[in-house]
Every structure is written in structure tokens, then in C-alpha cells.
>>> print(open('work-v8.cif').read())   # mmCIF, N, CA and C atoms
data_entry
loop_
_atom_site.label_atom_id
_atom_site.label_comp_id
_atom_site.auth_asym_id
_atom_site.auth_seq_id
_atom_site.Cartn_x
_atom_site.Cartn_y
_atom_site.Cartn_z
N MET E 183 97.68 91.29 89.91
CA MET E 183 98.38 92.45 90.45
C MET E 183 99.71 91.99 91.03
N VAL E 184 100.74 92.74 90.80
CA VAL E 184 102.09 92.42 91.26
C VAL E 184 102.20 92.75 92.75
N PRO E 185 102.80 91.85 93.55
CA PRO E 185 102.97 92.13 94.97
C PRO E 185 103.81 93.37 95.22
N VAL E 186 103.45 94.11 96.24
CA VAL E 186 104.21 95.27 96.67
C VAL E 186 104.85 94.93 98.01
N PHE E 187 106.13 95.18 98.18
CA PHE E 187 106.87 94.89 99.40
C PHE E 187 106.89 93.41 99.72
N GLY E 188 106.64 92.55 98.76
CA GLY E 188 106.84 91.13 98.94
C GLY E 188 105.70 90.33 99.51
N SER E 189 104.78 90.91 100.28
CA SER E 189 103.73 90.09 100.89
C SER E 189 102.33 90.64 100.67
N TRP E 190 102.21 91.74 100.01
CA TRP E 190 100.90 92.36 99.81
C TRP E 190 100.06 91.54 98.84
N ARG E 191 98.81 91.32 99.20
CA ARG E 191 97.88 90.59 98.35
C ARG E 191 96.63 91.45 98.19
N PRO E 192 96.00 91.46 97.00
CA PRO E 192 94.92 92.39 96.76
C PRO E 192 93.67 92.17 97.60
N VAL E 193 93.40 90.97 98.10
CA VAL E 193 92.17 90.73 98.86
C VAL E 193 92.33 91.14 100.32
N GLU E 194 93.41 90.71 100.96
CA GLU E 194 93.59 90.98 102.37
C GLU E 194 93.58 92.47 102.72
N PRO E 195 94.21 93.35 101.93
CA PRO E 195 94.17 94.77 102.30
C PRO E 195 92.75 95.32 102.42
N LYS E 196 91.86 94.94 101.52
CA LYS E 196 90.47 95.42 101.62
C LYS E 196 89.81 94.88 102.87
N LEU E 197 90.02 93.63 103.14
CA LEU E 197 89.45 93.00 104.32
C LEU E 197 90.03 93.61 105.59
N LEU E 198 91.34 93.78 105.64
CA LEU E 198 91.96 94.38 106.81
C LEU E 198 91.53 95.83 107.01
N ARG E 199 91.29 96.55 105.93
CA ARG E 199 90.79 97.92 106.05
C ARG E 199 89.42 97.93 106.70
N ARG E 200 88.54 96.99 106.31
CA ARG E 200 87.22 96.90 106.94
C ARG E 200 87.33 96.57 108.43
N VAL E 201 88.22 95.63 108.76
CA VAL E 201 88.44 95.27 110.17
C VAL E 201 88.98 96.48 110.93
N HIS E 202 89.96 97.16 110.37
CA HIS E 202 90.54 98.35 111.00
C HIS E 202 89.46 99.39 111.27
N ASP E 203 88.65 99.68 110.27
CA ASP E 203 87.61 100.69 110.43
C ASP E 203 86.58 100.28 111.47
N ARG E 204 86.24 99.00 111.52
CA ARG E 204 85.28 98.51 112.53
C ARG E 204 85.84 98.67 113.93
N LEU E 205 87.09 98.29 114.12
CA LEU E 205 87.70 98.43 115.44
C LEU E 205 87.85 99.89 115.84
N ALA E 206 88.22 100.74 114.89
CA ALA E 206 88.40 102.17 115.17
C ALA E 206 87.09 102.82 115.60
N ARG E 207 85.96 102.27 115.19
CA ARG E 207 84.64 102.83 115.57
C ARG E 207 84.08 102.19 116.84
N THR E 208 84.80 101.27 117.45
CA THR E 208 84.30 100.53 118.59
C THR E 208 84.85 101.12 119.89
N GLY E 209 83.95 101.42 120.82
CA GLY E 209 84.36 101.95 122.11
C GLY E 209 85.30 101.00 122.82
N GLY E 210 86.36 101.56 123.40
CA GLY E 210 87.34 100.76 124.13
C GLY E 210 88.50 100.30 123.28
N CYS E 211 88.38 100.37 121.96
CA CYS E 211 89.48 99.99 121.06
C CYS E 211 90.26 101.24 120.70
N ASP E 212 91.50 101.29 121.13
CA ASP E 212 92.35 102.45 120.91
C ASP E 212 93.59 102.04 120.13
N ALA E 213 94.28 103.01 119.60
CA ALA E 213 95.54 102.77 118.88
C ALA E 213 95.38 101.62 117.89
N VAL E 214 94.33 101.67 117.10
CA VAL E 214 94.09 100.64 116.07
C VAL E 214 95.11 100.88 114.96
N ARG E 215 95.81 99.80 114.60
CA ARG E 215 96.90 99.97 113.65
C ARG E 215 97.09 98.72 112.80
N TYR E 216 97.73 98.93 111.68
CA TYR E 216 98.13 97.84 110.80
C TYR E 216 99.52 97.38 111.19
N GLU E 217 99.75 96.09 111.14
CA GLU E 217 101.09 95.55 111.43
C GLU E 217 101.56 94.77 110.21
N PRO E 218 102.78 94.88 109.78
CA PRO E 218 103.82 95.71 110.35
C PRO E 218 103.67 97.19 109.98
N SER E 219 102.93 97.49 108.90
CA SER E 219 102.67 98.88 108.53
C SER E 219 101.44 98.91 107.65
N ARG E 220 100.90 100.09 107.43
CA ARG E 220 99.70 100.21 106.59
C ARG E 220 99.98 99.74 105.17
N ARG E 221 101.14 100.04 104.66
CA ARG E 221 101.46 99.70 103.27
C ARG E 221 101.73 98.21 103.07
N ASP E 222 102.11 97.51 104.13
CA ASP E 222 102.46 96.10 104.01
C ASP E 222 101.76 95.29 105.11
N ALA E 223 100.51 95.62 105.35
CA ALA E 223 99.78 95.02 106.48
C ALA E 223 99.48 93.55 106.26
N ASN E 224 99.64 92.78 107.34
CA ASN E 224 99.14 91.42 107.33
C ASN E 224 98.27 91.15 108.54
N GLU E 225 98.10 92.15 109.41
CA GLU E 225 97.18 92.03 110.53
C GLU E 225 96.77 93.42 111.02
N VAL E 226 95.69 93.43 111.80
CA VAL E 226 95.24 94.65 112.46
C VAL E 226 95.32 94.38 113.96
N VAL E 227 95.87 95.34 114.69
CA VAL E 227 96.03 95.21 116.13
C VAL E 227 95.39 96.43 116.78
N ALA E 228 94.70 96.21 117.91
CA ALA E 228 94.10 97.30 118.68
C ALA E 228 94.44 97.12 120.14
N ASP E 229 94.78 98.21 120.80
CA ASP E 229 94.88 98.21 122.26
C ASP E 229 93.46 98.37 122.77
N VAL E 230 93.11 97.59 123.80
CA VAL E 230 91.73 97.59 124.27
C VAL E 230 91.68 97.94 125.75
N ASP E 231 90.77 98.86 126.08
CA ASP E 231 90.41 99.13 127.47
C ASP E 231 89.24 98.19 127.77
N PRO E 232 89.47 97.09 128.48
CA PRO E 232 88.41 96.10 128.67
C PRO E 232 87.14 96.64 129.31
N VAL E 233 87.26 97.56 130.27
CA VAL E 233 86.07 98.10 130.93
C VAL E 233 85.23 98.88 129.93
N ALA E 234 85.85 99.71 129.13
CA ALA E 234 85.11 100.48 128.12
C ALA E 234 84.56 99.56 127.04
N PHE E 235 85.34 98.58 126.61
CA PHE E 235 84.91 97.67 125.55
C PHE E 235 83.75 96.79 126.01
N LEU E 236 83.87 96.23 127.20
CA LEU E 236 82.86 95.30 127.71
C LEU E 236 81.67 96.00 128.36
N GLU E 237 81.87 97.28 128.70
CA GLU E 237 80.86 98.08 129.40
C GLU E 237 80.46 97.43 130.72
N ARG E 238 81.48 96.91 131.43
CA ARG E 238 81.30 96.33 132.76
C ARG E 238 82.67 96.23 133.41
N GLU E 239 82.69 95.99 134.70
CA GLU E 239 83.96 95.82 135.40
C GLU E 239 84.67 94.58 134.85
N TYR E 240 85.99 94.65 134.88
CA TYR E 240 86.78 93.54 134.37
C TYR E 240 88.10 93.50 135.13
N SER E 241 88.68 92.31 135.24
CA SER E 241 89.86 92.12 136.09
C SER E 241 91.18 92.59 135.46
N ALA E 242 91.25 92.77 134.17
CA ALA E 242 92.48 93.22 133.52
C ALA E 242 92.35 94.69 133.14
N ALA E 243 93.44 95.42 133.31
CA ALA E 243 93.43 96.85 132.99
C ALA E 243 93.59 97.13 131.50
N GLU E 244 94.22 96.19 130.79
CA GLU E 244 94.41 96.40 129.35
C GLU E 244 94.43 95.06 128.63
N ALA E 245 94.13 95.14 127.35
CA ALA E 245 94.16 93.95 126.49
C ALA E 245 94.60 94.38 125.10
N ARG E 246 94.90 93.40 124.30
CA ARG E 246 95.25 93.66 122.91
C ARG E 246 94.47 92.69 122.05
N LEU E 247 93.92 93.19 120.96
CA LEU E 247 93.19 92.36 120.02
C LEU E 247 93.98 92.32 118.71
N ARG E 248 94.19 91.10 118.22
CA ARG E 248 94.95 90.89 116.98
C ARG E 248 94.06 90.13 116.01
N VAL E 249 93.96 90.63 114.77
CA VAL E 249 93.15 89.99 113.73
C VAL E 249 94.02 89.83 112.49
N GLU E 250 94.07 88.61 112.00
CA GLU E 250 94.90 88.32 110.83
C GLU E 250 94.16 87.35 109.92
N PHE E 251 94.36 87.51 108.62
CA PHE E 251 93.76 86.62 107.62
C PHE E 251 94.83 86.16 106.64
N GLU E 252 94.67 84.95 106.17
CA GLU E 252 95.47 84.41 105.08
C GLU E 252 94.47 83.72 104.15
N LEU E 253 94.20 84.32 103.01
CA LEU E 253 93.12 83.85 102.15
C LEU E 253 93.60 82.98 100.99
N ARG E 254 94.89 82.79 100.88
CA ARG E 254 95.38 81.91 99.82
C ARG E 254 95.27 80.46 100.28
N GLY E 255 95.26 79.55 99.36
CA GLY E 255 95.22 78.13 99.71
C GLY E 255 93.82 77.56 99.54
N GLU E 256 93.67 76.33 100.00
CA GLU E 256 92.40 75.63 99.82
C GLU E 256 91.27 76.22 100.65
N ARG E 257 91.59 76.70 101.83
CA ARG E 257 90.55 77.33 102.66
C ARG E 257 91.16 78.51 103.39
N PRO E 258 90.35 79.52 103.67
CA PRO E 258 90.87 80.70 104.36
C PRO E 258 91.34 80.37 105.77
N HIS E 259 92.41 81.00 106.17
CA HIS E 259 92.90 80.92 107.55
C HIS E 259 92.67 82.28 108.20
N TYR E 260 92.39 82.26 109.49
CA TYR E 260 92.27 83.50 110.22
C TYR E 260 92.64 83.28 111.68
N TRP E 261 92.95 84.39 112.35
CA TRP E 261 93.25 84.39 113.77
C TRP E 261 92.61 85.63 114.37
N VAL E 262 91.78 85.44 115.37
CA VAL E 262 91.20 86.54 116.14
C VAL E 262 91.62 86.26 117.58
N GLN E 263 92.54 87.04 118.10
CA GLN E 263 93.19 86.73 119.37
C GLN E 263 93.06 87.89 120.35
N TRP E 264 92.58 87.60 121.57
CA TRP E 264 92.52 88.54 122.69
C TRP E 264 93.68 88.20 123.62
N TRP E 265 94.49 89.18 123.99
CA TRP E 265 95.63 88.94 124.85
C TRP E 265 95.70 90.01 125.93
N GLU E 266 95.95 89.59 127.17
CA GLU E 266 96.07 90.50 128.30
C GLU E 266 97.53 90.48 128.79
N PRO E 267 98.32 91.47 128.42
CA PRO E 267 99.75 91.44 128.74
C PRO E 267 100.04 91.43 130.24
N ASP E 268 99.24 92.12 131.05
CA ASP E 268 99.51 92.17 132.49
C ASP E 268 99.15 90.88 133.21
N THR E 269 98.16 90.15 132.71
CA THR E 269 97.75 88.91 133.38
C THR E 269 98.41 87.67 132.77
N GLY E 270 98.92 87.80 131.55
CA GLY E 270 99.53 86.66 130.88
C GLY E 270 98.53 85.64 130.39
N ARG E 271 97.31 86.07 130.16
CA ARG E 271 96.29 85.15 129.66
C ARG E 271 95.69 85.69 128.37
N GLY E 272 95.15 84.78 127.58
CA GLY E 272 94.53 85.18 126.33
C GLY E 272 93.74 84.03 125.75
N PHE E 273 92.98 84.36 124.73
CA PHE E 273 92.22 83.33 124.02
C PHE E 273 91.97 83.82 122.62
N GLY E 274 91.64 82.89 121.74
CA GLY E 274 91.33 83.29 120.39
C GLY E 274 90.88 82.13 119.55
N TRP E 275 90.31 82.48 118.42
CA TRP E 275 89.88 81.51 117.42
C TRP E 275 90.95 81.44 116.36
N HIS E 276 91.37 80.24 116.05
CA HIS E 276 92.43 80.03 115.08
C HIS E 276 91.92 79.06 114.01
N ALA E 277 91.85 79.53 112.80
CA ALA E 277 91.51 78.68 111.65
C ALA E 277 92.80 78.50 110.86
N ASP E 278 93.52 77.44 111.18
CA ASP E 278 94.78 77.19 110.50
C ASP E 278 95.04 75.68 110.52
N ASP E 279 96.20 75.30 110.08
CA ASP E 279 96.53 73.88 110.00
C ASP E 279 97.40 73.40 111.15
N THR E 280 97.52 74.19 112.22
CA THR E 280 98.43 73.83 113.30
C THR E 280 97.88 72.77 114.24
N GLU E 281 96.57 72.65 114.35
CA GLU E 281 95.95 71.69 115.28
C GLU E 281 94.86 70.91 114.55
N PRO E 282 95.20 70.08 113.57
CA PRO E 282 94.18 69.42 112.75
C PRO E 282 93.24 68.50 113.55
N GLU E 283 93.68 68.02 114.69
CA GLU E 283 92.82 67.13 115.48
C GLU E 283 91.58 67.84 116.02
N TYR E 284 91.54 69.18 115.99
CA TYR E 284 90.37 69.93 116.46
C TYR E 284 89.48 70.40 115.32
N GLY E 285 89.79 70.03 114.11
CA GLY E 285 88.98 70.43 112.97
C GLY E 285 89.51 71.71 112.35
N PRO E 286 88.70 72.33 111.48
CA PRO E 286 89.17 73.50 110.75
C PRO E 286 89.38 74.75 111.60
N VAL E 287 88.69 74.84 112.76
CA VAL E 287 88.82 76.00 113.64
C VAL E 287 88.90 75.50 115.07
N HIS E 288 89.79 76.09 115.84
CA HIS E 288 89.84 75.75 117.26
C HIS E 288 89.92 77.03 118.10
N VAL E 289 89.44 76.91 119.34
CA VAL E 289 89.60 77.97 120.33
C VAL E 289 90.82 77.60 121.14
N GLN E 290 91.68 78.57 121.34
CA GLN E 290 92.90 78.36 122.10
C GLN E 290 92.88 79.29 123.30
N VAL E 291 93.00 78.76 124.50
CA VAL E 291 93.02 79.54 125.72
C VAL E 291 94.39 79.39 126.36
N GLU E 292 95.02 80.53 126.63
CA GLU E 292 96.35 80.54 127.22
C GLU E 292 96.25 81.09 128.63
N TYR E 293 96.85 80.38 129.58
CA TYR E 293 96.77 80.73 130.99
C TYR E 293 98.08 81.30 131.50
N PRO E 294 98.04 82.07 132.59
CA PRO E 294 99.26 82.69 133.12
C PRO E 294 100.36 81.71 133.49
N ASP E 295 100.01 80.48 133.82
CA ASP E 295 101.03 79.50 134.19
C ASP E 295 101.72 78.88 132.97
N GLY E 296 101.34 79.34 131.78
CA GLY E 296 101.96 78.86 130.56
C GLY E 296 101.24 77.70 129.88
N THR E 297 100.21 77.20 130.52
CA THR E 297 99.46 76.10 129.90
C THR E 297 98.51 76.66 128.84
N THR E 298 98.19 75.81 127.89
CA THR E 298 97.29 76.18 126.79
C THR E 298 96.25 75.08 126.63
N ASP E 299 95.00 75.49 126.52
CA ASP E 299 93.89 74.57 126.31
C ASP E 299 93.34 74.83 124.91
N ARG E 300 93.07 73.77 124.17
CA ARG E 300 92.50 73.91 122.83
C ARG E 300 91.28 73.01 122.71
N ARG E 301 90.31 73.49 121.93
CA ARG E 301 89.13 72.68 121.65
C ARG E 301 88.54 73.12 120.31
N ALA E 302 87.77 72.24 119.71
CA ALA E 302 87.14 72.55 118.43
C ALA E 302 86.18 73.73 118.60
N ALA E 303 86.06 74.53 117.56
CA ALA E 303 85.15 75.67 117.56
C ALA E 303 84.21 75.56 116.37
N GLU E 304 83.09 76.24 116.49
CA GLU E 304 82.12 76.26 115.40
C GLU E 304 82.79 76.79 114.13
N HIS E 305 82.46 76.16 113.03
CA HIS E 305 82.99 76.57 111.73
C HIS E 305 81.84 76.68 110.76
N VAL E 306 81.74 77.80 110.08
CA VAL E 306 80.72 78.00 109.06
C VAL E 306 81.40 77.92 107.70
N GLU E 307 81.07 76.90 106.95
CA GLU E 307 81.67 76.68 105.64
C GLU E 307 81.27 77.80 104.68
N ASP E 308 82.20 78.30 103.91
CA ASP E 308 81.96 79.31 102.86
C ASP E 308 81.42 80.63 103.40
N GLU E 309 81.67 80.94 104.66
CA GLU E 309 81.27 82.23 105.21
C GLU E 309 82.28 83.28 104.75
N HIS E 310 81.80 84.47 104.41
CA HIS E 310 82.71 85.54 104.02
C HIS E 310 83.65 85.84 105.19
N PRO E 311 84.93 86.06 104.93
CA PRO E 311 85.88 86.29 106.02
C PRO E 311 85.51 87.46 106.93
N TYR E 312 84.94 88.53 106.37
CA TYR E 312 84.55 89.65 107.24
C TYR E 312 83.41 89.24 108.17
N ARG E 313 82.49 88.45 107.66
CA ARG E 313 81.38 87.97 108.49
C ARG E 313 81.92 87.08 109.61
N THR E 314 82.91 86.27 109.31
CA THR E 314 83.55 85.45 110.34
C THR E 314 84.18 86.34 111.41
N PHE E 315 84.93 87.36 110.98
CA PHE E 315 85.52 88.30 111.93
C PHE E 315 84.44 88.91 112.81
N GLU E 316 83.39 89.40 112.20
CA GLU E 316 82.33 90.08 112.95
C GLU E 316 81.69 89.15 113.98
N ARG E 317 81.45 87.91 113.58
CA ARG E 317 80.84 86.93 114.50
C ARG E 317 81.78 86.66 115.67
N ARG E 318 83.05 86.47 115.41
CA ARG E 318 84.02 86.22 116.48
C ARG E 318 84.19 87.45 117.36
N PHE E 319 84.32 88.61 116.75
CA PHE E 319 84.53 89.86 117.48
C PHE E 319 83.38 90.14 118.44
N THR E 320 82.16 90.00 117.96
CA THR E 320 81.01 90.30 118.82
C THR E 320 80.78 89.24 119.90
N SER E 321 81.42 88.10 119.78
CA SER E 321 81.26 87.07 120.81
C SER E 321 82.34 87.12 121.89
N ILE E 322 83.26 88.07 121.81
CA ILE E 322 84.32 88.18 122.82
C ILE E 322 83.75 88.38 124.22
N PRO E 323 82.80 89.30 124.44
CA PRO E 323 82.27 89.46 125.81
C PRO E 323 81.69 88.17 126.39
N GLU E 324 80.95 87.44 125.61
CA GLU E 324 80.38 86.17 126.07
C GLU E 324 81.49 85.15 126.36
N ALA E 325 82.48 85.09 125.50
CA ALA E 325 83.59 84.15 125.71
C ALA E 325 84.36 84.47 127.00
N LEU E 326 84.58 85.74 127.27
CA LEU E 326 85.26 86.14 128.51
C LEU E 326 84.43 85.76 129.73
N SER E 327 83.12 85.92 129.63
CA SER E 327 82.24 85.51 130.74
C SER E 327 82.33 84.02 130.99
N ARG E 328 82.32 83.23 129.92
CA ARG E 328 82.44 81.77 130.06
C ARG E 328 83.76 81.36 130.69
N LEU E 329 84.83 82.11 130.38
CA LEU E 329 86.14 81.80 130.95
C LEU E 329 86.21 82.18 132.43
N GLY E 330 85.31 83.06 132.86
CA GLY E 330 85.28 83.48 134.26
C GLY E 330 86.41 84.42 134.65
N TRP E 331 86.90 85.19 133.71
CA TRP E 331 88.00 86.11 133.97
C TRP E 331 87.52 87.47 134.44
N GLU E 332 86.28 87.56 134.82
CA GLU E 332 85.71 88.84 135.25
C GLU E 332 86.47 89.35 136.44
#
>>> encode(input="work-v8.cif", output="C-alpha cells")
Amino acid sequence: MVPVFGSWRPVEPKLLRRVHDRLARTGGCDAVRYEPSRRDANEVVADVDPVAFLEREYSAAEARLRVEFELRGERPHYWVQWWEPDTGRGFGWHADDTEPEYGPVHVQVEYPDGTTDRRAAEHVEDEHPYRTFERRFTSIPEALSRLGWE
């Protein structure tokens, strides 16, 4: 299939549509959208009400969830990132080539003082990308508890 708008790939749009629909059906996820646009999407972004999403009290009033996939190359890359604009902190799972010393996937935690902590994360070889998204997405509440950002 010929690319449309220069970056469209036939696999990612289907995957991003599934991610978009999952987030749109999830309590606390609002303004779910494709970036930069639906026709040329390379990620899905949702504004998150942490209290509604986590179903418990939380210290941040708002958050943003960003999900991106790059399926070309030797192995799939993905990013599932939680960001709190008011607190300046965030965390996410990054499967890319930017931090090879941590293996194929690392967890990256960003703190308000500008420091970043990285460590190796669990990696499931040959897992379907949507299954990877689902596993990471459903583990966000537990990850936030471990970080102690309640």
C-alpha cells in the first residue's frame, strides 16, 4: 500500500484505532485523540482525570497518556507514557533503541526536579503489540502506587 501523507503505514492505523477505542471506553480518559491527526496518526493521546481513572484519591488533578508504536524494523518499538503537566512528573515504558544498556524495554521515571531514572522492564518476546499495550495500560495504577505519588 502506498503511504498517505508521508508517514502512514497500514499496520499502525489499525493498532492505534484499537488503542483509541479502548481509551475512549475507559473511565477517566477524556479527549482521546489521534496525533497529529486521525488521517496521519502516529500516536494516541488522552487527557486523564486521575481520580476517575484510578478510582481513588490522587495527588495530581490531571494527567496525559500517550501511546505510540513503530512496527517497522527488526523489533517493534512502543511508548506508553503517563505525564502530569501540573506536577512535572511522569513515567512510562519505552521499547526503543535509546537506552540499550537496559535491554529491549525500560521504565523511565521523570521527576519534577528534572532528573530521570531508568531501569530495565519486563519484556515478552513476540507478544502482539496490542497485548503489550493492554498489559502496560492496566498496570498503570500499580505502577503509580509503587512510585508513591498518591
>>> closest_residue(input="work-v8.cif", among="E:Glu324, E:Asp279, E:Glu250, E:Glu244", to="Leu198 (chain E)", atoms="only N, CA and C atoms")
E:Glu250
>>> closest_residue(input="work-v8.cif", among="E:Ala242, E:Pro286, E:Trp331, E:Asp229", to="Glu304 (chain E)", atoms="only C-alpha atoms")
E:Pro286
>>> closest_residue(input="work-v8.cif", among="E:Arg246, E:His288, E:Arg207, E:Arg238", to="Pro267 (chain E)", atoms="only C-alpha atoms")
E:Arg246
>>> select_by_dssp(input="work-v8.cif", residues="region 217-330 of chain E", states="helix (DSSP H, G or I)", output="VMD selection string")
chain E and resid 232 to 236 282 to 284 311 to 320 322 to 329
>>> atom_distance(input="work-v8.cif", atom1="CA of Tyr240 (chain E)", atom2="CA of Gly274 (chain E)")
17.9 Å
>>> residues_around(input="work-v8.cif", residues="Pro258 (chain E)", least_positions_apart="6", cutoff="7 Å", atoms="only N, CA and C atoms", output="VMD selection string")
chain E and resid 251 to 252 277 to 278
>>> write_last_selection(input="work-v8.cif", atoms="N, CA and C atoms", output="short mmCIF file (atom, residue, chain, number, x, y, z; two decimals), in the coordinates of the input")
data_model
loop_
_atom_site.label_atom_id
_atom_site.label_comp_id
_atom_site.auth_asym_id
_atom_site.auth_seq_id
_atom_site.Cartn_x
_atom_site.Cartn_y
_atom_site.Cartn_z
N PHE E 251 94.36 87.51 108.62
CA PHE E 251 93.76 86.62 107.62
C PHE E 251 94.83 86.16 106.64
N GLU E 252 94.67 84.95 106.17
CA GLU E 252 95.47 84.41 105.08
C GLU E 252 94.47 83.72 104.15
N ALA E 277 91.85 79.53 112.80
CA ALA E 277 91.51 78.68 111.65
C ALA E 277 92.80 78.50 110.86
N ASP E 278 93.52 77.44 111.18
CA ASP E 278 94.78 77.19 110.50
C ASP E 278 95.04 75.68 110.52
#
>>> closest_residue(input="work-v8.cif", among="E:Pro282, E:Glu237, E:Trp275, E:Pro323", to="Ala303 (chain E)", atoms="only C-alpha atoms")
E:Trp275
>>> atom_distance(input="work-v8.cif", atom1="CA of Glu307 (chain E)", atom2="CA of His259 (chain E)")
12.2 Å
>>> atom_distance(input="work-v8.cif", atom1="atom N of Arg301 (chain E)", atom2="atom C of Val289 (chain E)")
4.2 Å
>>> resolve_selection(input="work-v8.cif", expression="the PyMOL selection byres ((chain E and resi 235) around 7)", output="PDB file with N, CA and C atoms, keeping the file's coordinate frame")
ATOM      1  N   THR E 208      84.800 101.270 117.450  1.00  0.00           N
ATOM      2  CA  THR E 208      84.300 100.530 118.590  1.00  0.00           C
ATOM      3  C   THR E 208      84.850 101.120 119.890  1.00  0.00           C
ATOM      4  N   GLY E 209      83.950 101.420 120.820  1.00  0.00           N
ATOM      5  CA  GLY E 209      84.360 101.950 122.110  1.00  0.00           C
ATOM      6  C   GLY E 209      85.300 101.000 122.820  1.00  0.00           C
ATOM      7  N   GLY E 210      86.360 101.560 123.400  1.00  0.00           N
ATOM      8  CA  GLY E 210      87.340 100.760 124.130  1.00  0.00           C
ATOM      9  C   GLY E 210      88.500 100.300 123.280  1.00  0.00           C
ATOM     10  N   CYS E 211      88.380 100.370 121.960  1.00  0.00           N
ATOM     11  CA  CYS E 211      89.480  99.990 121.060  1.00  0.00           C
ATOM     12  C   CYS E 211      90.260 101.240 120.700  1.00  0.00           C
ATOM     13  N   VAL E 230      93.110  97.590 123.800  1.00  0.00           N
ATOM     14  CA  VAL E 230      91.730  97.590 124.270  1.00  0.00           C
ATOM     15  C   VAL E 230      91.680  97.940 125.750  1.00  0.00           C
ATOM     16  N   ASP E 231      90.770  98.860 126.080  1.00  0.00           N
ATOM     17  CA  ASP E 231      90.410  99.130 127.470  1.00  0.00           C
ATOM     18  C   ASP E 231      89.240  98.190 127.770  1.00  0.00           C
ATOM     19  N   PRO E 232      89.470  97.090 128.480  1.00  0.00           N
ATOM     20  CA  PRO E 232      88.410  96.100 128.670  1.00  0.00           C
ATOM     21  C   PRO E 232      87.140  96.640 129.310  1.00  0.00           C
ATOM     22  N   VAL E 233      87.260  97.560 130.270  1.00  0.00           N
ATOM     23  CA  VAL E 233      86.070  98.100 130.930  1.00  0.00           C
ATOM     24  C   VAL E 233      85.230  98.880 129.930  1.00  0.00           C
ATOM     25  N   ALA E 234      85.850  99.710 129.130  1.00  0.00           N
ATOM     26  CA  ALA E 234      85.110 100.480 128.120  1.00  0.00           C
ATOM     27  C   ALA E 234      84.560  99.560 127.040  1.00  0.00           C
ATOM     28  N   LEU E 236      83.870  96.230 127.200  1.00  0.00           N
ATOM     29  CA  LEU E 236      82.860  95.300 127.710  1.00  0.00           C
ATOM     30  C   LEU E 236      81.670  96.000 128.360  1.00  0.00           C
ATOM     31  N   GLU E 237      81.870  97.280 128.700  1.00  0.00           N
ATOM     32  CA  GLU E 237      80.860  98.080 129.400  1.00  0.00           C
ATOM     33  C   GLU E 237      80.460  97.430 130.720  1.00  0.00           C
ATOM     34  N   ARG E 238      81.480  96.910 131.430  1.00  0.00           N
ATOM     35  CA  ARG E 238      81.300  96.330 132.760  1.00  0.00           C
ATOM     36  C   ARG E 238      82.670  96.230 133.410  1.00  0.00           C
TER      37      ARG E 238
END
>>> residues_around(input="work-v8.cif", residues="Glu316 (chain E)", least_positions_apart="6", cutoff="12 Å", atoms="only C-alpha atoms", output="ChimeraX atom specification")
/E:197,200-202,204-205,249,262,309-310,322
>>> decode(input="work-v8.cif", residues="region 246-250 of chain E", atoms="all heavy atoms", output="mmCIF file, in the first residue's frame")
data_model
loop_
_atom_site.group_PDB
_atom_site.id
_atom_site.type_symbol
_atom_site.label_atom_id
_atom_site.label_comp_id
_atom_site.auth_asym_id
_atom_site.auth_seq_id
_atom_site.Cartn_x
_atom_site.Cartn_y
_atom_site.Cartn_z
ATOM 1 N N ARG E 246 -1.833 13.064 31.381
ATOM 2 C CA ARG E 246 -1.970 12.799 29.952
ATOM 3 C C ARG E 246 -1.330 11.447 29.681
ATOM 4 O O ARG E 246 -0.264 11.136 30.206
ATOM 5 C CB ARG E 246 -1.259 13.887 29.157
ATOM 6 C CG ARG E 246 -1.468 13.752 27.662
ATOM 7 C CD ARG E 246 -1.115 15.019 26.919
ATOM 8 N NE ARG E 246 -2.037 16.081 27.304
ATOM 9 C CZ ARG E 246 -1.653 17.251 27.818
ATOM 10 N NH1 ARG E 246 -0.394 17.531 27.993
ATOM 11 N NH2 ARG E 246 -2.547 18.169 28.132
ATOM 12 N N LEU E 247 -1.998 10.647 28.876
ATOM 13 C CA LEU E 247 -1.473 9.347 28.487
ATOM 14 C C LEU E 247 -1.173 9.384 26.997
ATOM 15 O O LEU E 247 -2.009 9.808 26.196
ATOM 16 C CB LEU E 247 -2.500 8.250 28.787
ATOM 17 C CG LEU E 247 -2.065 6.829 28.514
ATOM 18 C CD1 LEU E 247 -0.904 6.445 29.430
ATOM 19 C CD2 LEU E 247 -3.230 5.881 28.725
ATOM 20 N N ARG E 248 0.037 8.957 26.651
ATOM 21 C CA ARG E 248 0.486 8.949 25.251
ATOM 22 C C ARG E 248 0.890 7.528 24.898
ATOM 23 O O ARG E 248 1.665 6.897 25.619
ATOM 24 C CB ARG E 248 1.680 9.891 25.110
ATOM 25 C CG ARG E 248 2.352 9.836 23.779
ATOM 26 C CD ARG E 248 3.604 10.725 23.763
ATOM 27 N NE ARG E 248 4.424 10.369 22.637
ATOM 28 C CZ ARG E 248 5.606 9.774 22.736
ATOM 29 N NH1 ARG E 248 6.120 9.471 23.892
ATOM 30 N NH2 ARG E 248 6.289 9.487 21.647
ATOM 31 N N VAL E 249 0.372 7.028 23.769
ATOM 32 C CA VAL E 249 0.693 5.676 23.297
ATOM 33 C C VAL E 249 1.129 5.778 21.844
ATOM 34 O O VAL E 249 0.414 6.332 21.009
ATOM 35 C CB VAL E 249 -0.529 4.731 23.410
ATOM 36 C CG1 VAL E 249 -0.181 3.338 22.917
ATOM 37 C CG2 VAL E 249 -1.052 4.701 24.842
ATOM 38 N N GLU E 250 2.296 5.221 21.571
ATOM 39 C CA GLU E 250 2.840 5.278 20.215
ATOM 40 C C GLU E 250 3.489 3.945 19.877
ATOM 41 O O GLU E 250 4.067 3.288 20.747
ATOM 42 C CB GLU E 250 3.882 6.403 20.126
ATOM 43 C CG GLU E 250 4.438 6.605 18.742
ATOM 44 C CD GLU E 250 5.381 7.798 18.670
ATOM 45 O OE1 GLU E 250 5.487 8.564 19.646
ATOM 46 O OE2 GLU E 250 6.027 7.953 17.619
#
